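For reference, my_file36.pdb is printed below; it contains PDB, C-alpha atoms.
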```
ATOM      1  CA  MET A   1      -0.853 -16.257  39.312
ATOM      2  CA  PRO A   2      -3.365 -19.032  40.097
ATOM      3  CA  ALA A   3      -3.492 -21.788  37.497
ATOM      4  CA  LEU A   4      -5.546 -24.831  36.591
ATOM      5  CA  THR A   5      -3.842 -27.963  35.251
ATOM      6  CA  LEU A   6      -5.809 -30.400  33.101
ATOM      7  CA  SER A   7      -4.666 -33.942  32.390
ATOM      8  CA  LEU A   8      -5.693 -35.022  28.878
ATOM      9  CA  SER A   9      -5.804 -38.684  27.938
ATOM     10  CA  THR A  10      -5.384 -39.995  24.414
ATOM     11  CA  ALA A  11      -9.181 -40.184  24.249
ATOM     12  CA  ASP A  12      -9.466 -36.523  25.288
ATOM     13  CA  LEU A  13      -7.026 -35.426  22.583
ATOM     14  CA  GLY A  14      -8.921 -37.537  20.080
ATOM     15  CA  ARG A  15     -12.145 -35.737  21.035
ATOM     16  CA  LEU A  16     -10.652 -32.246  20.834
ATOM     17  CA  ARG A  17     -12.953 -30.077  18.715
ATOM     18  CA  TRP A  18     -14.050 -26.524  18.035
ATOM     19  CA  ALA A  19     -17.475 -24.935  18.116
ATOM     20  CA  VAL A  20     -19.219 -21.582  17.742
ATOM     21  CA  SER A  21     -21.600 -20.597  20.548
ATOM     22  CA  PRO A  22     -24.091 -17.788  19.837
ATOM     23  CA  ALA A  23     -25.424 -18.055  23.405
ATOM     24  CA  TRP A  24     -21.976 -17.484  24.861
ATOM     25  CA  GLU A  25     -21.473 -14.412  22.640
ATOM     26  CA  LEU A  26     -24.835 -13.118  23.841
ATOM     27  CA  LEU A  27     -23.909 -13.545  27.511
ATOM     28  CA  ALA A  28     -20.379 -12.203  27.114
ATOM     29  CA  SER A  29     -21.640  -9.184  25.188
ATOM     30  CA  VAL A  30     -24.021  -8.276  28.032
ATOM     31  CA  ARG A  31     -21.107  -8.392  30.455
ATOM     32  CA  THR A  32     -19.074  -6.202  28.090
ATOM     33  CA  LEU A  33     -21.888  -3.640  28.082
ATOM     34  CA  ALA A  34     -22.161  -3.808  31.872
ATOM     35  CA  ARG A  35     -18.393  -3.325  32.317
ATOM     36  CA  PRO A  36     -17.138  -1.400  29.267
ATOM     37  CA  ALA A  37     -13.834  -0.426  30.895
ATOM     38  CA  GLY A  38     -11.081  -2.499  29.328
ATOM     39  CA  HIS A  39     -13.136  -3.299  26.225
ATOM     40  CA  ALA A  40     -12.212  -0.336  24.042
ATOM     41  CA  ILE A  41     -11.702  -2.737  21.133
ATOM     42  CA  HIS A  42     -15.518  -2.976  20.977
ATOM     43  CA  MET A  43     -16.093   0.786  21.210
ATOM     44  CA  PRO A  44     -18.105   1.123  17.952
ATOM     45  CA  TRP A  45     -20.531  -1.554  19.134
ATOM     46  CA  LEU A  46     -20.559  -0.318  22.741
ATOM     47  CA  SER A  47     -21.438   3.193  21.631
ATOM     48  CA  ALA A  48     -24.422   1.922  19.666
ATOM     49  CA  HIS A  49     -25.844  -0.338  22.405
ATOM     50  CA  ARG A  50     -24.768   1.098  25.770
ATOM     51  CA  HIS A  51     -28.362   2.066  26.604
ATOM     52  CA  ASP A  52     -29.909  -1.314  25.766
ATOM     53  CA  PRO A  53     -33.099  -1.941  27.793
ATOM     54  CA  LEU A  54     -31.735  -5.217  29.158
ATOM     55  CA  LEU A  55     -29.291  -3.186  31.241
ATOM     56  CA  THR A  56     -31.097   0.123  31.652
ATOM     57  CA  GLY A  57     -34.730  -1.015  31.955
ATOM     58  CA  PRO A  58     -36.648  -0.164  35.121
ATOM     59  CA  GLY A  59     -37.310  -2.644  37.897
ATOM     60  CA  PRO A  60     -35.646  -5.981  38.709
ATOM     61  CA  SER A  61     -34.599  -8.310  35.904
ATOM     62  CA  ALA A  62     -33.458 -11.907  36.310
ATOM     63  CA  ALA A  63     -31.794 -11.856  32.895
ATOM     64  CA  ARG A  64     -29.800  -8.746  33.835
ATOM     65  CA  ASP A  65     -28.777 -10.072  37.243
ATOM     66  CA  LEU A  66     -27.755 -13.480  35.886
ATOM     67  CA  THR A  67     -25.629 -12.155  33.037
ATOM     68  CA  ALA A  68     -24.093  -9.069  34.628
ATOM     69  CA  GLY A  69     -23.153 -10.620  37.971
ATOM     70  CA  PRO A  70     -19.655 -11.208  39.424
ATOM     71  CA  ALA A  71     -16.960 -10.495  36.861
ATOM     72  CA  SER A  72     -15.479 -13.982  36.555
ATOM     73  CA  HIS A  73     -18.535 -16.204  36.993
ATOM     74  CA  LEU A  74     -21.757 -17.147  35.258
ATOM     75  CA  PRO A  75     -24.283 -19.721  36.439
ATOM     76  CA  GLY A  76     -23.236 -22.870  34.596
ATOM     77  CA  PHE A  77     -26.665 -23.636  33.139
ATOM     78  CA  LEU A  78     -26.679 -20.337  31.211
ATOM     79  CA  ALA A  79     -23.733 -21.312  29.014
ATOM     80  CA  PRO A  80     -24.035 -24.988  28.037
ATOM     81  CA  THR A  81     -21.102 -26.406  26.109
ATOM     82  CA  PRO A  82     -22.011 -26.306  22.389
ATOM     83  CA  LEU A  83     -22.303 -29.823  21.027
ATOM     84  CA  SER A  84     -21.906 -29.124  17.309
ATOM     85  CA  PRO A  85     -19.559 -26.855  15.332
ATOM     86  CA  LEU A  86     -22.344 -24.516  14.190
ATOM     87  CA  THR A  87     -24.817 -24.609  17.082
ATOM     88  CA  ALA A  88     -27.868 -22.352  16.614
ATOM     89  CA  LEU A  89     -28.887 -19.851  19.279
ATOM     90  CA  ALA A  90     -32.387 -21.372  19.454
ATOM     91  CA  ASP A  91     -30.920 -24.799  20.278
ATOM     92  CA  GLU A  92     -28.729 -23.393  23.065
ATOM     93  CA  LEU A  93     -31.586 -21.411  24.613
ATOM     94  CA  ASP A  94     -33.848 -24.464  24.418
ATOM     95  CA  GLU A  95     -31.221 -26.342  26.421
ATOM     96  CA  VAL A  96     -31.266 -23.554  29.013
ATOM     97  CA  LEU A  97     -35.065 -23.938  29.261
ATOM     98  CA  ARG A  98     -34.637 -27.647  30.011
ATOM     99  CA  THR A  99     -32.428 -27.003  33.055
ATOM    100  CA  PRO A 100     -33.801 -28.897  36.104
ATOM    101  CA  PRO A 101     -34.954 -26.631  38.964
ATOM    102  CA  ASP A 102     -32.387 -28.036  41.400
ATOM    103  CA  VAL A 103     -29.575 -27.232  38.953
ATOM    104  CA  VAL A 104     -30.849 -23.653  38.564
ATOM    105  CA  ARG A 105     -30.807 -23.137  42.339
ATOM    106  CA  ARG A 106     -27.428 -24.860  42.739
ATOM    107  CA  ASP A 107     -25.731 -22.804  40.015
ATOM    108  CA  VAL A 108     -27.196 -19.519  41.252
ATOM    109  CA  ALA A 109     -25.950 -20.295  44.764
ATOM    110  CA  ALA A 110     -22.496 -21.147  43.407
ATOM    111  CA  VAL A 111     -22.216 -17.643  41.936
ATOM    112  CA  PHE A 112     -24.146 -15.455  44.366
ATOM    113  CA  GLY A 113     -23.968 -17.407  47.627
ATOM    114  CA  ASP A 114     -26.742 -16.909  50.167
ATOM    115  CA  ASP A 115     -27.569 -13.363  49.078
ATOM    116  CA  PRO A 116     -28.653 -13.385  45.400
ATOM    117  CA  PRO A 117     -29.900 -10.141  43.780
ATOM    118  CA  SER A 118     -33.574  -9.357  44.269
ATOM    119  CA  GLY A 119     -34.234  -9.784  40.567
ATOM    120  CA  LEU A 120     -33.572 -13.521  40.902
ATOM    121  CA  ALA A 121     -36.329 -14.123  43.474
ATOM    122  CA  PRO A 122     -39.006 -15.150  40.890
ATOM    123  CA  LEU A 123     -36.522 -17.495  39.184
ATOM    124  CA  LEU A 124     -35.601 -19.201  42.459
ATOM    125  CA  ARG A 125     -39.243 -19.544  43.531
ATOM    126  CA  ALA A 126     -40.409 -21.048  40.223
ATOM    127  CA  PRO A 127     -37.379 -21.951  38.074
ATOM    128  CA  ARG A 128     -39.253 -23.258  35.024
ATOM    129  CA  ARG A 129     -41.426 -20.174  34.682
ATOM    130  CA  GLY A 130     -38.511 -17.932  35.583
ATOM    131  CA  LEU A 131     -36.316 -19.464  32.881
ATOM    132  CA  GLU A 132     -38.977 -18.719  30.268
ATOM    133  CA  ALA A 133     -38.865 -15.038  31.242
ATOM    134  CA  VAL A 134     -35.060 -15.000  31.201
ATOM    135  CA  VAL A 135     -34.860 -16.629  27.767
ATOM    136  CA  THR A 136     -37.511 -14.289  26.355
ATOM    137  CA  ASP A 137     -35.519 -11.267  27.518
ATOM    138  CA  LEU A 138     -32.301 -12.702  26.075
ATOM    139  CA  ARG A 139     -33.948 -13.393  22.710
ATOM    140  CA  HIS A 140     -35.169  -9.797  22.505
ATOM    141  CA  TYR A 141     -31.714  -8.535  23.418
ATOM    142  CA  TRP A 142     -30.164 -10.705  20.700
ATOM    143  CA  GLN A 143     -32.437  -9.234  18.047
ATOM    144  CA  ARG A 144     -31.608  -5.687  19.088
ATOM    145  CA  ALA A 145     -27.894  -5.881  19.815
ATOM    146  CA  LEU A 146     -26.294  -8.889  18.132
ATOM    147  CA  ALA A 147     -28.400 -10.225  15.249
ATOM    148  CA  PRO A 148     -27.417  -7.364  12.878
ATOM    149  CA  ALA A 149     -23.706  -7.990  13.490
ATOM    150  CA  TRP A 150     -23.872 -11.783  13.820
ATOM    151  CA  PRO A 151     -22.918 -12.687  10.206
ATOM    152  CA  ARG A 152     -19.738 -10.641  10.598
ATOM    153  CA  ILE A 153     -18.966 -12.077  14.060
ATOM    154  CA  ARG A 154     -19.720 -15.650  12.992
ATOM    155  CA  ALA A 155     -17.465 -15.370   9.941
ATOM    156  CA  LEU A 156     -14.577 -14.238  12.145
ATOM    157  CA  LEU A 157     -15.191 -17.102  14.583
ATOM    158  CA  GLU A 158     -15.354 -19.680  11.795
ATOM    159  CA  SER A 159     -12.162 -18.334  10.243
ATOM    160  CA  ASP A 160     -10.437 -18.784  13.619
ATOM    161  CA  ILE A 161     -11.592 -22.403  13.782
ATOM    162  CA  HIS A 162     -10.178 -23.046  10.324
ATOM    163  CA  TYR A 163      -6.844 -21.497  11.316
ATOM    164  CA  ARG A 164      -6.549 -23.363  14.646
ATOM    165  CA  ALA A 165      -7.500 -26.737  13.160
ATOM    166  CA  ARG A 166      -4.850 -26.274  10.483
ATOM    167  CA  ALA A 167      -2.299 -25.300  13.153
ATOM    168  CA  LEU A 168      -3.090 -28.480  15.105
ATOM    169  CA  THR A 169      -2.601 -30.610  11.990
ATOM    170  CA  GLU A 170       0.578 -28.908  10.840
ATOM    171  CA  ARG A 171       2.317 -28.070  14.148
ATOM    172  CA  GLY A 172       0.783 -30.257  16.852
ATOM    173  CA  PRO A 173      -1.140 -29.494  20.055
ATOM    174  CA  ALA A 174       1.632 -27.644  21.930
ATOM    175  CA  ALA A 175       2.041 -25.025  19.197
ATOM    176  CA  MET A 176      -1.695 -24.819  18.612
ATOM    177  CA  PHE A 177      -2.514 -24.159  22.282
ATOM    178  CA  ALA A 178       0.361 -21.679  22.640
ATOM    179  CA  GLY A 179      -0.983 -19.753  19.665
ATOM    180  CA  ILE A 180      -4.435 -19.430  21.187
ATOM    181  CA  HIS A 181      -3.486 -17.422  24.277
ATOM    182  CA  PRO A 182      -0.328 -16.749  26.332
ATOM    183  CA  ASP A 183      -2.058 -18.212  29.410
ATOM    184  CA  LEU A 184      -2.424 -21.627  27.725
ATOM    185  CA  ALA A 185       0.498 -24.076  27.663
ATOM    186  CA  PHE A 186       0.425 -27.755  26.691
ATOM    187  CA  ASP A 187       3.154 -30.148  27.848
ATOM    188  CA  GLU A 188       3.294 -33.005  25.364
ATOM    189  CA  ALA A 189       5.525 -35.127  27.604
ATOM    190  CA  THR A 190       2.908 -35.259  30.375
ATOM    191  CA  ALA A 191      -0.183 -34.522  28.234
ATOM    192  CA  THR A 192      -1.193 -31.703  30.572
ATOM    193  CA  LEU A 193      -2.736 -28.368  29.699
ATOM    194  CA  ARG A 194      -2.003 -25.439  32.026
ATOM    195  CA  ILE A 195      -4.445 -22.533  32.203
ATOM    196  CA  ALA A 196      -2.802 -19.574  33.944
ATOM    197  CA  GLY A 197      -4.004 -16.083  34.820
ATOM    198  CA  LEU A 198      -7.053 -17.192  36.804
ATOM    199  CA  ARG A 199      -8.545 -14.667  39.214
ATOM    200  CA  SER A 200      -8.867 -17.241  41.982
ATOM    201  CA  VAL A 201      -7.469 -20.654  42.820
ATOM    202  CA  PRO A 202      -9.991 -23.392  42.024
ATOM    203  CA  PRO A 203     -10.667 -25.876  44.847
ATOM    204  CA  ASP A 204      -9.198 -28.693  42.761
ATOM    205  CA  PRO A 205      -6.485 -27.073  40.587
ATOM    206  CA  HIS A 206      -5.354 -30.419  39.105
ATOM    207  CA  ARG A 207      -8.074 -32.168  37.133
ATOM    208  CA  SER A 208      -8.373 -35.089  34.763
ATOM    209  CA  LEU A 209     -10.797 -34.763  31.869
ATOM    210  CA  GLU A 210     -11.417 -38.529  32.089
ATOM    211  CA  GLY A 211     -12.157 -39.027  28.414
ATOM    212  CA  ARG A 212     -14.828 -36.308  28.275
ATOM    213  CA  GLY A 213     -12.895 -34.483  25.551
ATOM    214  CA  LEU A 214     -12.412 -30.739  25.232
ATOM    215  CA  VAL A 215     -14.308 -28.118  23.235
ATOM    216  CA  LEU A 216     -12.511 -24.937  22.187
ATOM    217  CA  VAL A 217     -14.793 -21.965  21.530
ATOM    218  CA  PRO A 218     -13.426 -18.791  19.923
ATOM    219  CA  SER A 219     -15.201 -15.678  21.156
ATOM    220  CA  ALA A 220     -15.355 -12.027  20.139
ATOM    221  CA  PHE A 221     -16.581 -10.788  23.519
ATOM    222  CA  ALA A 222     -14.318 -12.965  25.675
ATOM    223  CA  TRP A 223     -11.410 -10.685  24.753
ATOM    224  CA  PRO A 224      -8.880 -10.397  26.321
ATOM    225  CA  ARG A 225      -9.447 -13.260  28.804
ATOM    226  CA  LEU A 226      -9.837 -17.016  28.830
ATOM    227  CA  TYR A 227     -12.912 -18.677  30.336
ATOM    228  CA  SER A 228     -13.017 -22.356  31.211
ATOM    229  CA  LYS A 229     -15.568 -24.812  32.562
ATOM    230  CA  THR A 230     -14.122 -28.233  33.276
ATOM    231  CA  SER A 231     -15.945 -29.569  36.335
ATOM    232  CA  GLN A 232     -18.543 -32.338  36.220
ATOM    233  CA  PRO A 233     -21.106 -32.798  34.715
ATOM    234  CA  TRP A 234     -20.228 -30.403  31.897
ATOM    235  CA  VAL A 235     -18.349 -31.313  28.750
ATOM    236  CA  PRO A 236     -15.071 -29.405  29.317
ATOM    237  CA  VAL A 237     -14.852 -26.135  27.403
ATOM    238  CA  ILE A 238     -12.334 -23.314  27.017
ATOM    239  CA  ARG A 239     -13.519 -20.033  25.522
ATOM    240  CA  TYR A 240     -10.784 -17.793  24.169
ATOM    241  CA  PRO A 241     -10.393 -14.473  22.291
ATOM    242  CA  VAL A 242     -10.873 -14.909  18.574
ATOM    243  CA  ARG A 243      -7.953 -14.296  16.239
ATOM    244  CA  GLY A 244      -8.211 -11.027  14.337
ATOM    245  CA  ILE A 245     -10.509  -9.350  16.876
ATOM    246  CA  GLY A 246      -8.997  -5.980  15.983
ATOM    247  CA  THR A 247     -10.570  -6.183  12.521
ATOM    248  CA  LEU A 248     -14.117  -6.912  13.717
ATOM    249  CA  TRP A 249     -15.456  -3.349  13.726
ATOM    250  CA  GLU A 250     -13.103  -1.899  11.108
ATOM    251  CA  SER A 251     -14.533   0.281   8.386
ATOM    252  CA  PRO A 252     -13.714  -0.936   4.873
ATOM    253  CA  SER A 253     -11.296   1.934   4.241
ATOM    254  CA  SER A 254      -9.135   1.126   7.267
ATOM    255  CA  ALA A 255      -8.144  -2.237   5.842
ATOM    256  CA  ALA A 256      -7.305  -1.146   2.314
ATOM    257  CA  GLY A 257      -4.218  -2.548   0.598
ATOM    258  CA  THR A 258      -1.124  -0.555  -0.309
ATOM    259  CA  ALA A 259      -1.037   1.778  -3.279
ATOM    260  CA  ASP A 260       1.472  -0.393  -5.149
ATOM    261  CA  LEU A 261      -0.655  -3.494  -4.688
ATOM    262  CA  ALA A 262      -3.751  -1.609  -5.805
ATOM    263  CA  ALA A 263      -1.943  -0.538  -8.939
ATOM    264  CA  ALA A 264      -1.016  -4.142  -9.702
ATOM    265  CA  LEU A 265      -4.311  -5.851  -8.885
ATOM    266  CA  GLY A 266      -6.873  -3.096  -8.946
ATOM    267  CA  ALA A 267      -8.146  -1.310  -5.841
ATOM    268  CA  THR A 268     -10.991  -3.717  -5.085
ATOM    269  CA  ARG A 269      -8.963  -6.923  -5.321
ATOM    270  CA  ALA A 270      -6.144  -5.336  -3.317
ATOM    271  CA  THR A 271      -8.646  -4.424  -0.604
ATOM    272  CA  LEU A 272     -10.046  -7.959  -0.524
ATOM    273  CA  LEU A 273      -6.567  -9.463  -0.321
ATOM    274  CA  GLY A 274      -5.786  -7.138   2.582
ATOM    275  CA  LEU A 275      -8.941  -8.150   4.434
ATOM    276  CA  LEU A 276      -7.965 -11.814   4.122
ATOM    277  CA  GLU A 277      -5.319 -11.502   6.824
ATOM    278  CA  THR A 278      -7.743 -13.862   8.548
ATOM    279  CA  PRO A 279      -9.955 -16.193   6.488
ATOM    280  CA  ALA A 280     -13.365 -14.785   5.634
ATOM    281  CA  GLY A 281     -16.463 -15.654   3.647
ATOM    282  CA  THR A 282     -18.123 -13.851   0.747
ATOM    283  CA  LEU A 283     -20.936 -12.344   2.819
ATOM    284  CA  GLU A 284     -18.566 -11.022   5.488
ATOM    285  CA  LEU A 285     -16.360  -9.417   2.853
ATOM    286  CA  ALA A 286     -19.403  -7.904   1.186
ATOM    287  CA  GLY A 287     -20.510  -6.390   4.484
ATOM    288  CA  ARG A 288     -17.077  -4.974   5.219
ATOM    289  CA  THR A 289     -16.505  -3.468   1.772
ATOM    290  CA  GLY A 290     -20.023  -2.404   0.803
ATOM    291  CA  LEU A 291     -19.790  -4.455  -2.395
ATOM    292  CA  ALA A 292     -22.504  -6.783  -3.662
ATOM    293  CA  PRO A 293     -21.865 -10.461  -2.763
ATOM    294  CA  GLY A 294     -21.832 -11.361  -6.449
ATOM    295  CA  GLY A 295     -19.114  -8.811  -7.125
ATOM    296  CA  VAL A 296     -17.041 -10.068  -4.199
ATOM    297  CA  SER A 297     -17.431 -13.630  -5.451
ATOM    298  CA  ALA A 298     -16.212 -12.642  -8.922
ATOM    299  CA  HIS A 299     -13.124 -10.906  -7.524
ATOM    300  CA  LEU A 300     -12.360 -13.852  -5.233
ATOM    301  CA  HIS A 301     -12.610 -16.188  -8.208
ATOM    302  CA  LYS A 302      -9.985 -14.132 -10.044
ATOM    303  CA  LEU A 303      -7.721 -14.032  -6.987
ATOM    304  CA  THR A 304      -8.113 -17.809  -6.679
ATOM    305  CA  ARG A 305      -7.201 -18.360 -10.339
ATOM    306  CA  ALA A 306      -4.111 -16.201  -9.769
ATOM    307  CA  GLY A 307      -3.102 -18.421  -6.851
ATOM    308  CA  LEU A 308      -3.312 -15.578  -4.327
ATOM    309  CA  VAL A 309      -6.180 -16.971  -2.242
ATOM    310  CA  ALA A 310      -7.644 -20.427  -1.702
ATOM    311  CA  PRO A 311     -11.162 -21.501  -0.657
ATOM    312  CA  HIS A 312     -11.712 -23.774   2.354
ATOM    313  CA  ARG A 313     -15.070 -25.270   3.260
ATOM    314  CA  ILE A 314     -16.142 -25.420   6.941
ATOM    315  CA  GLY A 315     -19.587 -26.989   7.225
ATOM    316  CA  ARG A 316     -21.902 -24.936   5.037
ATOM    317  CA  VAL A 317     -19.511 -21.987   4.798
ATOM    318  CA  VAL A 318     -16.671 -21.410   2.328
ATOM    319  CA  LEU A 319     -13.863 -19.269   3.738
ATOM    320  CA  TYR A 320     -11.123 -17.695   1.633
ATOM    321  CA  ALA A 321      -7.570 -17.324   2.914
ATOM    322  CA  ARG A 322      -4.407 -15.865   1.461
ATOM    323  CA  THR A 323      -2.005 -18.459   0.049
ATOM    324  CA  ALA A 324       1.757 -18.277   0.604
ATOM    325  CA  ARG A 325       1.961 -16.511  -2.747
ATOM    326  CA  GLY A 326      -0.698 -14.051  -1.667
ATOM    327  CA  GLU A 327       1.087 -13.418   1.633
ATOM    328  CA  ALA A 328       4.350 -12.740  -0.175
ATOM    329  CA  LEU A 329       2.691 -10.334  -2.580
ATOM    330  CA  TYR A 330       0.775  -8.483   0.126
ATOM    331  CA  ARG A 331       3.874  -7.980   2.244
TER
END
```
Would you put the structure from the file into structure tokens?
Amino acid sequence: MPALTLSLSTADLGRLRWAVSPAWELLASVRTLARPAGHAIHMPWLSAHRHDPLLTGPGPSAARDLTAGPASHLPGFLAPTPLSPLTALADELDEVLRTPPDVVRRDVAAVFGDDPPSGLAPLLRAPRRGLEAVVTDLRHYWQRALAPAWPRIRALLESDIHYRARALTERGPAAMFAGIHPDLAFDEATATLRIAGLRSVPPDPHRSLEGRGLVLVPSAFAWPRLYSKTSQPWVPVIRYPVRGIGTLWESPSSAAGTADLAAALGATRATLLGLLETPAGTLELAGRTGLAPGGVSAHLHKLTRAGLVAPHRIGRVVLYARTARGEALYR
């Protein structure tokens, strides 16, 4: 299979970081709707939004043509590398609006060649005005299709970041990268990262990051593939399937604990301990169980006092994870 090899300097490894990208989830979710085959893991969400106007509306649409184009490519300006761990959607879309006209035309040509879809004609004629229309359509889509589920998605993404950062600290970069995806392999002896499973051979399959660092972005809608952008002038980024994706659309009952554990802890605390297979926050757990956030917080406090879970702060969010004692008890 085609592969891309990245040479990471000491400076690149020192600038390794994680980020959440709402704009990327927006774009990837549109592509999932446009090509639902192979995305059965998102079936509950797909069933609810398969007729979204962004995809089924009449007439040409630049937003639709840009986001639902060739399977392995997006115009680079649509998915800027997030520059902070908790980037807001508004900030990412504002960056899209600031894209210079020549970059818009260059990136569209890189994806569609000399025969772009008819819906892109207004964007190519007047990029600044066209980008405003694209961003407006994407904002409306976000409110309809993703905003209601975003707290749940964001909590899963943030729990992944917590887990990966801990893996890097405890086990080093080789183990951390290997745990992200089977197509990622880091050779510590040569400080090179190999990205396999690409659909086509890049023109320069051996690249140096040249001190630009690397941003790792967990994604719900990237599943099951990796996506990378490492060419100039972008800050290098790898987007990968989030850990625990199979739990994203679970109903509360499907993740309940065992009967014996429920008898020992009580049904509610057993359920919460079961859901903490991946770290999660109070609001996410409330949404998944139907409990009030205050009630979830009280149960988590008792589980913490018992040494079964431990809180971890990531930015403004506190995530709870099972401790070794909690893992032993749950299993």
Selection dump of the PyMOL selection byres ((chain A and resi 66) around 10), as a list of chain:residue names |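 Written out, the selection comes to A:Leu27, A:Arg31, A:Ser61, A:Ala62, A:Ala63, A:Arg64, A:Asp65, A:Thr67, A:Ala68, A:Gly69, A:Pro70, A:His73, A:Leu74, A:Pro75, A:Leu78, A:Val108, A:Val111, A:Phe112, A:Pro116, A:Pro117, A:Gly119, A:Leu120, A:Val134.
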Report, as AutoDock Vina command-line options, the centre and edge lengths in Å (one decimal) of the axis-aligned box enclosing every listed atom of stretch 277-296 of chain A, padded by 3 Å on each side.
```
--center_x -13.9 --center_y -9.3 --center_z 0.7 --size_x 23.2 --size_y 19.8 --size_z 21.7
```
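Interatomic distance, atom CA of A:Arg207 to atom CA of A:Tyr227: 15.9 Å.
For stretch 321-323 of chain A, the residues within 9 Å (counting all atoms listed in the file, excluding itself and residues fewer than 2 positions away along the chain) are Ser159, Leu273, Gly274, Leu276, Glu277, Thr278, Pro279, Ala280, Gly307, Leu308, Val309, Ala310, Pro311, His312, Leu319, Arg325, Gly326, Glu327 and Ala328 of chain A.
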Explicit residues for the PyMOL selection byres ((chain A and resi 296) around 9) (as a count of residues only) | 18
